[in-house]
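Q: Quick one: the structure is below, and I'll ask about it shortly.
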Amino acid sequence: MASTKFNRILLKLSGEALAGEKGHGIDSEILTTMASEIASVVKSGVQVALVIGGGNLVRGISASAGGMNRAQGDAMGMLGTVMNGLAMQDALDKQGIPCVVMSAIRMEPICEFFNRRRALSLLSSGTVVIFSAGTGNPYFTTDSAAALRAIESECDVIMKATKVDGIYTDDPVKNPAATRFDDITYTEVINRGLKVMDTAAVALCLEQKMPILVFKMEKGNLTKATVEGNLGTLVHC
Ligand SMILES: Nc1ncnc2c1ncn2[C@@H]1O[C@H](COP(=O)(O)OP(=O)(O)O)[C@@H](O)[C@H]1O
Ligand SMILES: O=c1ccn([C@@H]2O[C@H](COP(=O)(O)OP(=O)(O)O)[C@@H](O)[C@H]2O)c(=O)[nH]1
């Protein structure tokens, strides 16, 4: 095994990142690039669990703004995360990386129903496990699902690969004067109301002391984050 900072990671990818410039759907080139980044980390001996969002397909909150019942919209959002998971599984297949998709909502034979003990055993054997359908409940996000599954599957860290290169004093997209933290405590993220990850997810990580590393999803960064662990912003106790 290569000397990596982490043995088992939970990588959280936003659905929107899969859409690329189009802003919607799945861009096959981006999917392939992300799969090859994941493949190289897996080949270095790191065990990888994956949670992919669904914002590129449906967000319950946006559907409800258009008049749809929120829980109904969230159910659609969760199904979107399964579609993204299946797309990533296909892309990892093509890289020769073993991968199992689990869903928080039963839908065999498309994918397996979530089973914590089986997930642990698959991860230990080097299989990538994609946890899809979020938490299986409306009014939650895939950030919360990432926190929950990272804790259940005994990961060393949650890696949130996103559009910005860390956590800032304010949204850096809206406020260019915002400054970046190299590291920050969970309590500070919550008390300052920093919006990079939802509060429920951060609170769960605080309770269970699950570190979170937030960094930009760019070529090479996943390897850097896994090997060196000093990229972006680390959220800790
Ligand atoms: N304090 C902050 N630090 C960093 N990013 C922030 C902050 N506040 C808001 N954001 C925004 O949060 C976004 C990431 O959150 P989100 O859109 O939920 O991520 P994703 O879609 O990757 O899951 C960033 O693109 C950034 O614009
Ligand atoms: O536990 C969950 C996770 C997700 N969702 C729904 O799935 C959508 C897509 O997830 P998210 O917005 O977290 O995706 P991302 O922003 O990471 O692409 C959400 O908007 C919700 O509608 C949900 O209802 N419960």
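Labels used: A, B, ... for chains in the order of the structure tokens, numbers from 1 for residues in each chain, and numbers from 1 for ligands as shown.
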How would you report the residues lying within 10 Å of ligand 2, as a PyMOL selection string, if you count only C-alpha atoms and all ligand atoms?

A: chain A and resi 12-19+51-64+70-82+84+104+132-146+148+160-162+197-198

Q: Write the residues of the preceding selection, restricted to C-alpha atoms, as a short mmCIF file (atom, residue, chain, number, x, y, z; two decimals), in the first residue's frame.

A:
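Generated file (again_27.cif):
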```cif
data_model
loop_
_atom_site.label_atom_id
_atom_site.label_comp_id
_atom_site.auth_asym_id
_atom_site.auth_seq_id
_atom_site.Cartn_x
_atom_site.Cartn_y
_atom_site.Cartn_z
CA LYS A 12 -18.82 13.56 -1.69
CA LEU A 13 -19.27 14.80 -5.25
CA SER A 14 -21.91 17.34 -6.13
CA GLY A 15 -24.38 16.37 -8.81
CA GLU A 16 -23.87 19.75 -10.44
CA ALA A 17 -20.18 19.00 -10.95
CA LEU A 18 -21.20 16.11 -13.22
CA ALA A 19 -23.17 18.48 -15.44
CA VAL A 51 -21.88 9.85 -2.25
CA ILE A 52 -22.97 11.77 -5.33
CA GLY A 53 -25.55 14.55 -5.19
CA GLY A 54 -28.43 14.96 -7.58
CA GLY A 55 -28.50 18.72 -8.16
CA ASN A 56 -27.75 18.20 -11.87
CA LEU A 57 -31.10 16.38 -12.25
CA VAL A 58 -33.67 17.36 -9.62
CA ARG A 59 -33.63 19.31 -6.36
CA GLY A 60 -36.73 18.88 -4.21
CA ILE A 61 -36.57 22.44 -2.99
CA SER A 62 -36.57 23.82 -6.56
CA ALA A 63 -39.44 21.51 -7.53
CA SER A 64 -41.43 22.73 -4.52
CA ARG A 70 -41.73 19.00 -1.26
CA ALA A 71 -41.55 15.35 -0.22
CA GLN A 72 -42.54 14.33 -3.75
CA GLY A 73 -39.81 16.55 -5.20
CA ASP A 74 -37.29 15.13 -2.73
CA ALA A 75 -38.21 11.58 -3.77
CA MET A 76 -37.39 12.61 -7.35
CA GLY A 77 -34.14 14.18 -6.14
CA MET A 78 -33.15 10.93 -4.41
CA LEU A 79 -33.86 8.97 -7.59
CA GLY A 80 -31.57 11.42 -9.39
CA THR A 81 -28.71 10.48 -7.07
CA VAL A 82 -29.24 6.82 -8.02
CA ASN A 84 -25.71 9.57 -11.05
CA ALA A 104 -31.17 3.79 0.76
CA SER A 132 -27.13 6.50 -3.41
CA ALA A 133 -30.67 7.76 -2.71
CA GLY A 134 -29.29 10.02 0.02
CA THR A 135 -30.57 9.13 3.49
CA GLY A 136 -33.79 7.75 2.00
CA ASN A 137 -35.75 10.60 3.65
CA PRO A 138 -37.09 13.89 2.32
CA TYR A 139 -35.92 17.22 3.77
CA PHE A 140 -32.33 15.96 3.91
CA THR A 141 -29.43 16.54 1.54
CA THR A 142 -26.66 14.39 0.19
CA ASP A 143 -24.26 16.25 2.52
CA SER A 144 -26.17 14.69 5.42
CA ALA A 145 -26.11 11.34 3.64
CA ALA A 146 -22.35 11.71 3.24
CA LEU A 148 -24.15 9.48 7.93
CA LYS A 160 -16.22 17.25 -0.09
CA ALA A 161 -15.02 18.00 -3.60
CA THR A 162 -16.85 21.08 -4.75
CA MET A 197 -22.09 22.20 3.86
CA ASP A 198 -25.50 21.99 5.49
#
```

Q: Please return as a PyMOL selection string: the residues of region 45-170 of chain A that backbone DSSP assigns to strand (DSSP E or B).

A: chain A and resi 47-52+99-103+112-113+128-132+157-162+168

Q: Write down as a PyMOL selection string the residues of region 25-137 of chain A whose backbone DSSP state falls under helix (DSSP H, G or I).

A: chain A and resi 28-43+60-65+70-94+116-124

Q: Quote the spacing between CA of Arg8 (chain A) and CA of Val129 (chain A) in Å to one decimal place.

A: 11.3 Å

Q: Using only C-alpha atoms and all ligand atoms, find each protein or nucleic acid residue lying at most 6 Å from ligand 1; present the set as a ChimeraX atom specification.

A: /A:14,16,162-164,166-173,194-197

Q: For N, CA and C atoms, I'd like the residues from the last selection saved as a short mmCIF file (atom, residue, chain, number, x, y, z; two decimals), in the first residue's frame.

A:
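Below is the file that was written, again10.cif:
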```cif
data_model
loop_
_atom_site.label_atom_id
_atom_site.label_comp_id
_atom_site.auth_asym_id
_atom_site.auth_seq_id
_atom_site.Cartn_x
_atom_site.Cartn_y
_atom_site.Cartn_z
N SER A 14 -20.61 16.70 -5.89
CA SER A 14 -21.91 17.34 -6.13
C SER A 14 -22.44 16.85 -7.48
N GLU A 16 -24.11 18.66 -9.47
CA GLU A 16 -23.87 19.75 -10.44
C GLU A 16 -22.51 19.64 -11.12
N THR A 162 -15.81 20.17 -4.32
CA THR A 162 -16.85 21.08 -4.75
C THR A 162 -16.32 22.14 -5.72
N LYS A 163 -17.09 23.23 -5.88
CA LYS A 163 -16.71 24.24 -6.88
C LYS A 163 -15.69 25.24 -6.35
N VAL A 164 -15.55 25.33 -5.03
CA VAL A 164 -14.63 26.30 -4.45
C VAL A 164 -13.49 25.55 -3.73
N GLY A 166 -12.20 25.64 -0.80
CA GLY A 166 -12.17 25.54 0.66
C GLY A 166 -13.30 26.33 1.28
N ILE A 167 -13.23 26.48 2.60
CA ILE A 167 -14.26 27.23 3.32
C ILE A 167 -13.74 28.65 3.56
N TYR A 168 -14.59 29.61 3.25
CA TYR A 168 -14.23 31.02 3.36
C TYR A 168 -15.07 31.71 4.44
N THR A 169 -14.66 32.92 4.78
CA THR A 169 -15.41 33.70 5.77
C THR A 169 -16.81 34.04 5.26
N ASP A 170 -16.99 33.98 3.93
CA ASP A 170 -18.29 34.24 3.31
C ASP A 170 -18.26 33.51 1.96
N ASP A 171 -19.40 33.42 1.29
CA ASP A 171 -19.42 32.74 -0.01
C ASP A 171 -18.47 33.44 -0.99
N PRO A 172 -17.37 32.77 -1.37
CA PRO A 172 -16.37 33.45 -2.23
C PRO A 172 -16.90 33.76 -3.62
N VAL A 173 -17.97 33.06 -4.03
CA VAL A 173 -18.55 33.33 -5.35
C VAL A 173 -19.26 34.69 -5.34
N LEU A 194 -21.58 29.40 8.10
CA LEU A 194 -20.91 29.21 6.81
C LEU A 194 -21.66 28.13 6.02
N LYS A 195 -21.97 28.44 4.78
CA LYS A 195 -22.94 27.62 4.04
C LYS A 195 -22.35 26.54 3.13
N VAL A 196 -21.09 26.22 3.29
CA VAL A 196 -20.49 25.30 2.33
C VAL A 196 -21.03 23.87 2.45
N MET A 197 -21.51 23.54 3.64
CA MET A 197 -22.09 22.20 3.86
C MET A 197 -23.27 22.43 4.79
#
```

Q: May I have a table of the residues of region 45-108 of chain A lying at most 9 Å from region 27-31 of chain A, giving each one's closest pair of atoms and their distance in Å to one decimal, counting only C-alpha atoms, ordered by chain and ascending residue number, as CSV?

A:
```
residue,atom,partner,partner_atom,distance
A:Ala87,CA,A:Leu31,CA,7.8
A:Met88,CA,A:Leu31,CA,6.7
A:Ala91,CA,A:Leu31,CA,6.8
```
